[in-house]
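File shown: start_4.cif (mmCIF, C-alpha atoms).
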```cif
data_protein
loop_
_atom_site.label_atom_id
_atom_site.label_comp_id
_atom_site.auth_asym_id
_atom_site.auth_seq_id
_atom_site.Cartn_x
_atom_site.Cartn_y
_atom_site.Cartn_z
CA ALA A 1 11.47 -7.76 -42.95
CA ALA A 2 8.17 -9.65 -42.63
CA ALA A 3 9.46 -11.61 -39.62
CA GLN A 4 10.61 -8.36 -37.98
CA THR A 5 7.20 -6.76 -38.55
CA ILE A 6 5.40 -9.76 -37.07
CA LYS A 7 7.70 -9.74 -34.00
CA GLN A 8 7.09 -6.02 -33.52
CA ASN A 9 3.33 -6.48 -33.79
CA LEU A 10 3.44 -9.32 -31.23
CA LYS A 11 5.41 -7.09 -28.83
CA ASN A 12 2.84 -4.33 -29.26
CA ILE A 13 -0.01 -6.77 -28.56
CA GLU A 14 1.81 -8.04 -25.42
CA ARG A 15 2.29 -4.45 -24.20
CA GLU A 16 -1.39 -3.68 -24.71
CA ARG A 17 -2.44 -6.83 -22.82
CA PHE A 18 -0.03 -5.94 -20.02
CA TYR A 19 -1.45 -2.40 -19.86
CA GLU A 20 -5.04 -3.71 -19.85
CA LYS A 21 -4.20 -6.20 -17.08
CA PHE A 22 -3.14 -3.40 -14.69
CA GLN A 23 -5.02 -0.38 -16.04
CA ASN A 24 -7.98 -0.68 -13.64
CA LYS A 25 -5.85 -1.54 -10.61
CA GLN A 26 -4.39 1.92 -9.88
CA GLY A 27 -4.57 2.65 -6.16
CA GLU A 28 -5.00 -1.03 -5.31
CA LEU A 29 -2.87 -3.47 -3.36
CA LEU A 30 -1.24 -6.13 -5.48
CA LYS A 31 0.15 -9.40 -4.17
CA ALA A 32 3.70 -9.97 -5.35
CA ARG A 33 6.38 -12.63 -4.93
CA VAL A 34 10.01 -11.63 -4.56
CA ILE A 35 12.09 -13.11 -7.39
CA ARG A 36 15.48 -11.45 -6.92
CA VAL A 37 17.00 -8.96 -4.51
CA HIS A 38 19.52 -6.51 -5.93
CA ALA A 39 21.64 -3.89 -4.16
CA ASP A 40 19.12 -1.09 -4.74
CA SER A 41 16.00 -2.80 -6.12
CA VAL A 42 13.82 -5.87 -5.79
CA THR A 43 12.41 -7.80 -8.75
CA LEU A 44 8.86 -8.97 -8.11
CA ASP A 45 6.48 -11.31 -9.88
CA ILE A 46 3.01 -9.76 -10.07
CA LYS A 47 0.48 -11.96 -11.87
CA GLY A 48 3.18 -13.54 -14.03
CA THR A 49 4.84 -10.22 -14.85
CA ALA A 50 8.29 -9.16 -13.62
CA VAL A 51 8.16 -5.70 -12.02
CA VAL A 52 10.95 -3.77 -10.29
CA LEU A 53 10.42 -2.20 -6.87
CA GLY A 54 12.99 0.59 -6.70
CA ALA A 55 14.82 1.78 -3.59
CA GLU A 56 12.42 4.73 -3.16
CA GLY A 57 9.45 2.33 -2.96
CA GLN A 58 11.02 -0.06 -0.43
CA ILE A 59 10.49 0.13 3.31
CA PRO A 60 13.85 1.27 4.78
CA ASN A 61 15.87 -1.37 6.64
CA ARG A 62 13.54 -4.16 5.53
CA THR A 63 15.16 -7.28 4.14
CA TYR A 64 13.38 -8.93 1.24
CA GLU A 65 13.84 -12.67 0.76
CA PRO A 66 13.45 -14.49 -2.58
CA GLY A 67 10.18 -16.45 -2.60
CA GLU A 68 8.59 -14.19 0.01
CA GLU A 69 5.09 -12.87 -0.73
CA ILE A 70 4.47 -9.17 -0.12
CA PHE A 71 1.90 -6.53 -0.99
CA VAL A 72 2.66 -3.42 -3.02
CA LEU A 73 0.50 -0.45 -3.97
CA LEU A 74 0.13 0.31 -7.66
CA LYS A 75 0.39 4.09 -7.61
CA GLN A 76 0.32 4.63 -11.34
CA ILE A 77 0.55 2.87 -14.68
CA SER A 78 1.70 4.80 -17.72
CA LYS A 79 2.82 4.28 -21.28
CA GLY A 80 6.31 5.61 -21.87
CA GLN A 81 8.85 5.53 -24.66
CA GLY A 82 10.41 2.35 -23.29
CA GLY A 83 7.07 0.61 -22.85
CA ILE A 84 4.63 0.30 -19.97
CA VAL A 85 5.77 1.65 -16.58
CA LEU A 86 4.26 0.41 -13.30
CA GLU A 87 4.97 2.70 -10.37
CA ILE A 88 4.70 0.53 -7.24
CA THR A 89 5.51 1.35 -3.64
CA GLN A 90 5.40 0.26 -0.02
CA THR A 91 6.43 3.61 1.45
CA SER A 92 3.46 5.90 0.82
CA ALA A 93 0.67 6.67 3.28
CA GLU A 94 -1.74 5.39 0.62
CA TYR A 95 -0.13 1.94 1.01
CA ILE A 96 -1.16 1.86 4.70
CA GLU A 97 -4.63 3.12 3.82
CA ALA A 98 -5.06 0.41 1.15
CA ILE A 99 -4.06 -2.28 3.66
CA LEU A 100 -6.50 -0.90 6.24
CA ARG A 101 -9.31 -0.78 3.67
CA LYS A 102 -8.76 -4.49 2.97
CA ILE A 103 -8.76 -5.45 6.65
CA VAL A 104 -11.29 -3.01 8.19
CA PRO A 105 -14.69 -3.29 6.46
CA ASP A 106 -16.00 -0.26 8.39
CA LEU A 107 -13.78 2.00 6.24
CA GLU A 108 -15.46 0.80 3.04
CA GLU A 109 -18.92 1.12 4.62
CA GLY A 110 -18.13 4.69 5.67
CA SER A 111 -18.96 4.31 9.37
CA VAL A 112 -15.28 5.03 10.17
CA LYS A 113 -13.21 7.55 8.25
CA ILE A 114 -9.47 8.27 8.02
CA GLU A 115 -9.12 12.03 8.42
CA LYS A 116 -5.35 12.47 8.22
CA MET A 117 -2.28 10.30 8.10
CA ALA A 118 1.44 10.88 8.59
CA ARG A 119 4.08 8.23 7.97
CA ILE A 120 7.78 7.72 8.37
CA PRO A 121 8.23 4.43 6.44
CA GLY A 122 9.69 1.64 8.53
CA LEU A 123 9.31 3.56 11.82
CA LYS A 124 5.90 4.98 12.64
CA THR A 125 2.51 5.94 11.24
CA LYS A 126 0.00 8.20 12.98
CA ILE A 127 -3.60 8.07 11.76
CA VAL A 128 -6.43 10.38 12.80
CA VAL A 129 -9.78 8.57 12.57
CA SER A 130 -13.36 9.64 13.13
CA SER A 131 -16.88 8.28 13.03
CA ASN A 132 -20.16 10.01 12.29
CA ASP A 133 -21.95 7.56 14.62
CA GLU A 134 -21.52 8.35 18.33
CA LYS A 135 -21.99 4.66 19.19
CA ILE A 136 -18.86 3.68 17.24
CA ASP A 137 -15.38 3.95 18.72
CA PRO A 138 -13.23 4.58 15.61
CA VAL A 139 -9.95 3.67 17.34
CA GLY A 140 -11.47 0.44 18.67
CA VAL A 141 -12.77 -0.44 15.21
CA MET A 142 -9.31 0.06 13.69
CA VAL A 143 -7.56 -1.99 16.39
CA GLY A 144 -10.15 -4.77 16.32
CA SER A 145 -11.20 -7.31 18.90
CA LYS A 146 -8.16 -8.27 20.98
CA GLY A 147 -5.98 -6.33 18.51
CA ASP A 148 -6.55 -8.79 15.65
CA ARG A 149 -6.89 -6.15 12.91
CA ILE A 150 -3.89 -4.07 13.95
CA ASN A 151 -1.76 -7.18 14.44
CA THR A 152 -2.52 -8.26 10.87
CA VAL A 153 -1.46 -4.83 9.58
CA LEU A 154 1.70 -4.79 11.73
CA SER A 155 2.73 -8.23 10.46
CA LEU A 156 2.63 -6.85 6.90
CA LEU A 157 4.72 -3.82 7.90
CA ASP A 158 7.59 -5.71 9.49
CA GLY A 159 7.57 -3.98 12.87
CA GLU A 160 6.48 -0.45 11.93
CA LYS A 161 4.42 1.13 14.72
CA ILE A 162 0.93 2.51 14.10
CA ASP A 163 -0.93 4.92 16.38
CA PHE A 164 -4.62 5.74 15.96
CA ILE A 165 -5.93 9.04 17.28
CA GLU A 166 -9.63 9.85 17.53
CA GLU A 167 -10.62 13.19 16.09
CA ASN A 168 -12.79 14.93 18.64
CA GLY A 169 -12.81 18.59 17.50
CA ASP A 170 -10.65 19.76 20.43
CA SER A 171 -7.35 20.89 18.88
CA LYS A 172 -5.41 20.95 22.15
CA GLN A 173 -6.49 17.43 23.08
CA MET A 174 -5.73 16.19 19.55
CA ILE A 175 -2.17 17.54 19.75
CA LYS A 176 -1.72 15.89 23.15
CA ASN A 177 -3.02 12.59 21.76
CA CYS A 178 -0.74 12.84 18.72
CA LEU A 179 2.33 13.34 20.91
CA LYS A 180 1.59 10.43 23.25
CA PRO A 181 3.35 8.78 25.06
CA ALA A 182 5.26 12.06 25.59
CA HIS A 183 3.63 14.59 27.93
#
```

Target format structure tokens, applied to this file:
Amino acid sequence: AAAQTIKQNLKNIERERFYEKFQNKQGELLKARVIRVHADSVTLDIKGTAVVLGAEGQIPNRTYEPGEEIFVLLKQISKGQGGIVLEITQTSAEYIEAILRKIVPDLEEGSVKIEKMARIPGLKTKIVVSSNDEKIDPVGVMVGSKGDRINTVLSLLDGEKIDFIEENGDSKQMIKNCLKPAH
């Protein structure tokens, strides 16, 4: 009975440490290494902890390879009956925004702002951006010099297309820009 109580207390301490490790990381990108690929899920190693990326959190038609390093967004951490639950994803619009915030310092500074975002995971993302400074081209800032920023983002998204649209206050022009290249 004493051994069982000690084991249970150790498990509780491990759970608390696990929770504390990820508690302040909600909404952040986490670097993960693929351990195993299953039919409908992927087991990842995040900071020495095995975490499952379910089918709903995976980018459609993407193949994950064991040993590969990827980024995931920690949407939520919660304590449940079965223990600590990490909800991670690569399919949300917040995932794209977190990547952009890491790569584009102007977003953190506030000189460029993401107004709206729409995403079909694995296919296309459209992002409306603006700037409160007339001297700053928000689309140019997001793309980067010679496309270096956008190319970094695209390499992480495995071929998903991203379009940036500048918000200019003219609704008709915005709709035309959103539908490009169609006329």

(request) Rank nothing, just name the residue among A:His38, A:Lys113, A:Lys124, A:Arg17 nearest to Pro138 (chain A), using only C-alpha atoms. (result) A:Lys113

(message) So the first atom is CA of Asp133 (chain A) and the second is CA of Ile150 (chain A); what is the distance between them in Å, to one decimal place?
(response) 21.5 Å

(request) Grab the CA of Phe164 (chain A) to CA of Val128 (chain A) distance for me, in Å with one decimal place. (result) 5.9 Å

(message) Using only C-alpha atoms for the distances, tell me which of A:Asn168, A:Ser41, A:Thr152, A:Gln173 is nearest to Leu100 (chain A).
(response) A:Thr152

(request) For Asn61 (chain A), list every protein, DNA or RNA residue within 10 Å, evaluated using only C-alpha atoms, and leave out those in the same chain fewer than 6 positions away; present the list as a list in words. (result) Pro121, Gly122, Leu123 and Asp158 of chain A

Please produce a file of the residues just selected, as a PDB file, keeping the file's coordinate frame, where the atoms kept are C-alpha atoms.
```
ATOM      1  CA  PRO A 121       8.230   4.430   6.440  1.00  0.00           C
ATOM      2  CA  GLY A 122       9.690   1.640   8.530  1.00  0.00           C
ATOM      3  CA  LEU A 123       9.310   3.560  11.820  1.00  0.00           C
ATOM      4  CA  ASP A 158       7.590  -5.710   9.490  1.00  0.00           C
TER       5      ASP A 158
END
```

(request) Considering all atoms listed in the file, return as a VMD selection string whatever protein or nucleic-acid residues lie within 9 Å of Gly54 (chain A), sequence-local ones (same chain, fewer than 6 positions apart) excluded. (result) chain A and resid 40 to 43 88 to 89

Output C-alpha atoms of each residue in that selection to a file, as a PDB file, in the frame of the given file.
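Result file follows (selection.pdb):
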```
ATOM      1  CA  ASP A  40      19.120  -1.090  -4.740  1.00  0.00           C
ATOM      2  CA  SER A  41      16.000  -2.800  -6.120  1.00  0.00           C
ATOM      3  CA  VAL A  42      13.820  -5.870  -5.790  1.00  0.00           C
ATOM      4  CA  THR A  43      12.410  -7.800  -8.750  1.00  0.00           C
ATOM      5  CA  ILE A  88       4.700   0.530  -7.240  1.00  0.00           C
ATOM      6  CA  THR A  89       5.510   1.350  -3.640  1.00  0.00           C
TER       7      THR A  89
END
```
